[in-house]
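Here's the structure we're looking at; comments come further down.
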Amino acid sequence: MTDTMFSTREVPWMKMGRLEEGAKTAAEAAELGGLNFDVEQRPLQWVGEDGSAHSIADRRALVRKDTGDWLSIMSTDYPVLQFGEAFDFMDGVNPSFVAAGVLKGGKQGFMVVEGPKMNVLSGDDPHELFTVLRTSHDGSRAIEVAVMPLRSRCMNQLTLNSFAVGAQHRWAIRHTSSMKQKLADAHESLKKLDEYAAGYEHLADKLVNVQLDDHDAENVLKAVLPDRPKREQQVTSIIDKWHTAETVGFDYTGWGLLNAVSEYFDWGRTGGTPESRFIGALQGSTHGALNRTTGELLLLAA
């Protein structure tokens with residue numbers, strides 16, 4: 001593989017919020033990524049048939065102060081947490097922020113932080129490890145940390161569960177104003193990243209030793225993909241990528257088939273936006289397909 005072979009491929013966060021300048025703090029990343037707007041609570045009212053306004057005592061609208069756009073309706077005791085403040089717990093470990101931006105029209109915000117190095121298949125399959133920090137102004141999530149392995153060969157987002165006891169791929173952080181607790185949360189997150197990386201590397205070692213033919217692969221994919229009219233086309237496309245795509249490799253192995261599924265979901269489908277691809281890899285159809293495929297392959301390895 002050459003350094004420029006896949007230079008035209010960009011992971012979704014590069015289109016949504018790549019930081020061209022080096023951000024040293026979460027506040028700086030928020031400013032560069034367009035997350036540095038304030039949100040405030042505003043009263044809610046409803047208008048009766050007689051035209052009279054009535055207050056809604058136990059609810060408030062969360063509104064962007066800069067644009068006046070409302071983001072959600074929450075209870076009066078909902079704690080408003082600005083995006084820059086939500087992610088500043090990472091400041092204590094000198095993070096390298098590589099991207100930041102908004103999702104769902106400002107209802108959610110994210111930052112991407114470069115993680116520790118990985119050694120997948122003894123260096124034969126180079127990866128980079130990132131953490132995706134997310135939170136919301138619509139109550140859909142608290143402060144969440146999710147692990148995002150990025151396969152250098154193809155720029156695919158391999159958001160796998162660890163399939164290892166004690167190694168998490170996603171966890172929540174409770175907001176606190178205590179600098180001591182923030183630092184503890186940051187160091188704990190780094191520890192979890194290391195545990196995840198070790199589990200991921202072990203998983204790759206196991207899957208690359210799973211040998212299977214086209215018939216086996218077809219059975220795995222039919223167990224993974226929804227039974228819809230175009231499933232046969234999907235299966236054929238994935239198996240073809242497994243055998244022929246330079247971006248996949250590891251032909252006739254479980255690791256290769258998993259990466260063919262990743263290749264199909266990240267790059268082989270038409271339509272979608274960078275935002276939908278990003279969210280899909282974190283918690284949607286891409287994430288689900290990758291992890292169901294891994295589960296089926298581990299059954300073959302047992």
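To be explicit about the labels: the chains of the structure tokens are called A, B, and onward in the order shown, and within each one the residues are counted from 1, while ligands get numbers from 1 in the order they are shown.
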Would you list the contacts of stretch 274-284 of chain A as a PyMOL selection string, taking every protein, DNA or RNA residue within 10 Å and counting only C-alpha atoms, but skipping same-chain residues closer than 5 positions in sequence?
-> chain A and resi 10-16+102-104+132+146-148+156-160+170+262+265-267+289-290
Contact table stretch 111-227 of chain A vs stretch 31-39 of chain A, cut-off 12 Å, shortest pair per residue, only C-alpha atoms, as a Markdown table:
| residue | atom | partner | partner_atom | distance |
| --- | --- | --- | --- | --- |
| A:Met111 | CA | A:Gly33 | CA | 8.3 |
| A:Val112 | CA | A:Gly33 | CA | 10.6 |
| A:Arg134 | CA | A:Leu35 | CA | 11.6 |
| A:Thr135 | CA | A:Leu35 | CA | 11.3 |
| A:Ser136 | CA | A:Val39 | CA | 11.0 |
| A:His137 | CA | A:Val39 | CA | 8.1 |
| A:Asp138 | CA | A:Val39 | CA | 11.1 |
note - atom CA of A:Asp214 and atom CA of A:Tyr252 are separated by 8.0 Å
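Closest approach to A:Asp125 from the set A:Gln168, A:Ser75, A:Gln108, A:Ser152 is made by A:Ser152, with distances taken over only C-alpha atoms.
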Using DSSP on the backbone coordinates, identify the residues of stretch 51-288 of chain A assigned to strand (DSSP E or B); present them as a PyMOL selection string.
-> chain A and resi 53-64+70-75+97-103+108-114+127-136+143-151+156-157+170-173+211+253
Can you list, as a PyMOL selection string, every protein, DNA or RNA residue that comes within 12 Å of A:Ser177 when you count only C-alpha atoms, leaving out same-chain residues fewer than 3 positions away?
-> chain A and resi 81+85-89+174+180-183+185
Minimum-distance residue to A:Val220, chosen among A:Ala99, A:Ile56, A:Leu193, A:Leu299 (using only C-alpha atoms) | A:Leu299
Non-local contacts of A:Leu62 (6 Å; only C-alpha atoms; under 5 positions in same chain excluded) as a PyMOL selection string | chain A and resi 40-41+70-72
Those residues you just picked out, can you put them in a file as an mmCIF file, in the first residue's frame with N, CA and C atoms?
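Output file again.cif is given in full below:
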data_model
loop_
_atom_site.group_PDB
_atom_site.id
_atom_site.type_symbol
_atom_site.label_atom_id
_atom_site.label_comp_id
_atom_site.auth_asym_id
_atom_site.auth_seq_id
_atom_site.Cartn_x
_atom_site.Cartn_y
_atom_site.Cartn_z
ATOM 1 N N GLU A 40 -29.596 28.375 26.223
ATOM 2 C CA GLU A 40 -30.248 28.812 27.455
ATOM 3 C C GLU A 40 -31.686 28.321 27.496
ATOM 4 N N GLN A 41 -32.231 28.296 28.712
ATOM 5 C CA GLN A 41 -33.631 27.920 28.892
ATOM 6 C C GLN A 41 -34.514 29.150 28.708
ATOM 7 N N TRP A 70 -34.770 26.879 18.488
ATOM 8 C CA TRP A 70 -35.011 26.010 19.632
ATOM 9 C C TRP A 70 -34.532 24.602 19.303
ATOM 10 N N LEU A 71 -33.946 23.955 20.297
ATOM 11 C CA LEU A 71 -33.345 22.638 20.114
ATOM 12 C C LEU A 71 -34.162 21.523 20.739
ATOM 13 N N SER A 72 -34.832 21.820 21.845
ATOM 14 C CA SER A 72 -35.620 20.787 22.502
ATOM 15 C C SER A 72 -36.473 21.423 23.590
#
Using only C-alpha atoms, which residues sit within 10 Å of A:Trp255 once same-chain residues fewer than 5 positions away are excluded, as number ranges by chain?
-> A: 203-211, 242, 248-250, 260, 294, 297
Could the residues in this selection be saved with N, CA and C atoms as a CSV table (one decimal), in the first residue's frame?
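Produced file result07.csv, reproduced below:
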chain,number,residue,atom,x,y,z
A,203,LEU,N,-8.9,-9.8,19.0
A,203,LEU,CA,-10.0,-10.2,18.2
A,203,LEU,C,-9.6,-10.4,16.7
A,204,ALA,N,-8.8,-9.4,16.3
A,204,ALA,CA,-8.2,-9.5,14.9
A,204,ALA,C,-7.4,-10.8,14.7
A,205,ASP,N,-6.6,-11.1,15.7
A,205,ASP,CA,-5.8,-12.3,15.6
A,205,ASP,C,-6.6,-13.6,15.5
A,206,LYS,N,-7.7,-13.5,16.2
A,206,LYS,CA,-8.6,-14.7,16.2
A,206,LYS,C,-9.4,-14.8,14.9
A,207,LEU,N,-9.8,-13.7,14.3
A,207,LEU,CA,-10.6,-13.7,13.1
A,207,LEU,C,-9.8,-14.0,11.9
A,208,VAL,N,-8.5,-13.6,11.9
A,208,VAL,CA,-7.6,-13.8,10.7
A,208,VAL,C,-7.3,-15.3,10.6
A,209,ASN,N,-7.5,-16.1,11.7
A,209,ASN,CA,-7.3,-17.5,11.7
A,209,ASN,C,-8.5,-18.3,11.4
A,210,VAL,N,-9.7,-17.6,11.2
A,210,VAL,CA,-10.9,-18.3,10.8
A,210,VAL,C,-10.9,-18.4,9.2
A,211,GLN,N,-10.8,-19.7,8.8
A,211,GLN,CA,-10.7,-19.9,7.3
A,211,GLN,C,-12.1,-20.3,6.9
A,242,TRP,N,-14.5,-9.0,-0.9
A,242,TRP,CA,-13.7,-9.8,-0.1
A,242,TRP,C,-12.5,-10.4,-0.9
A,248,VAL,N,-9.5,-4.3,1.1
A,248,VAL,CA,-10.0,-5.3,2.0
A,248,VAL,C,-8.8,-6.2,2.4
A,249,GLY,N,-8.4,-7.0,1.5
A,249,GLY,CA,-7.3,-8.0,1.8
A,249,GLY,C,-7.7,-9.1,2.7
A,250,PHE,N,-6.8,-10.0,3.1
A,250,PHE,CA,-7.0,-11.1,4.0
A,250,PHE,C,-8.1,-12.0,3.4
A,260,ALA,N,-14.7,-6.7,4.5
A,260,ALA,CA,-15.5,-6.5,3.3
A,260,ALA,C,-16.9,-6.0,3.6
A,294,THR,N,-19.2,-10.2,13.2
A,294,THR,CA,-18.1,-10.6,14.2
A,294,THR,C,-18.7,-11.8,15.0
A,297,LEU,N,-18.8,-15.0,13.0
A,297,LEU,CA,-17.5,-15.5,12.7
A,297,LEU,C,-16.8,-16.1,14.0
Taking the DSSP assignment computed from this structure's backbone, write out as a ChimeraX atom specification all residues of stretch 5-231 of chain A that belong to helix (DSSP H, G or I).
-> /A:12-17,26-32,83-86,88-93,104-106,120-123,179-208,214-224,231
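Considering only C-alpha atoms, the residue among A:Val120, A:Ala57, A:Leu44, A:Ala26 positioned nearest to A:Phe83 is A:Ala26.
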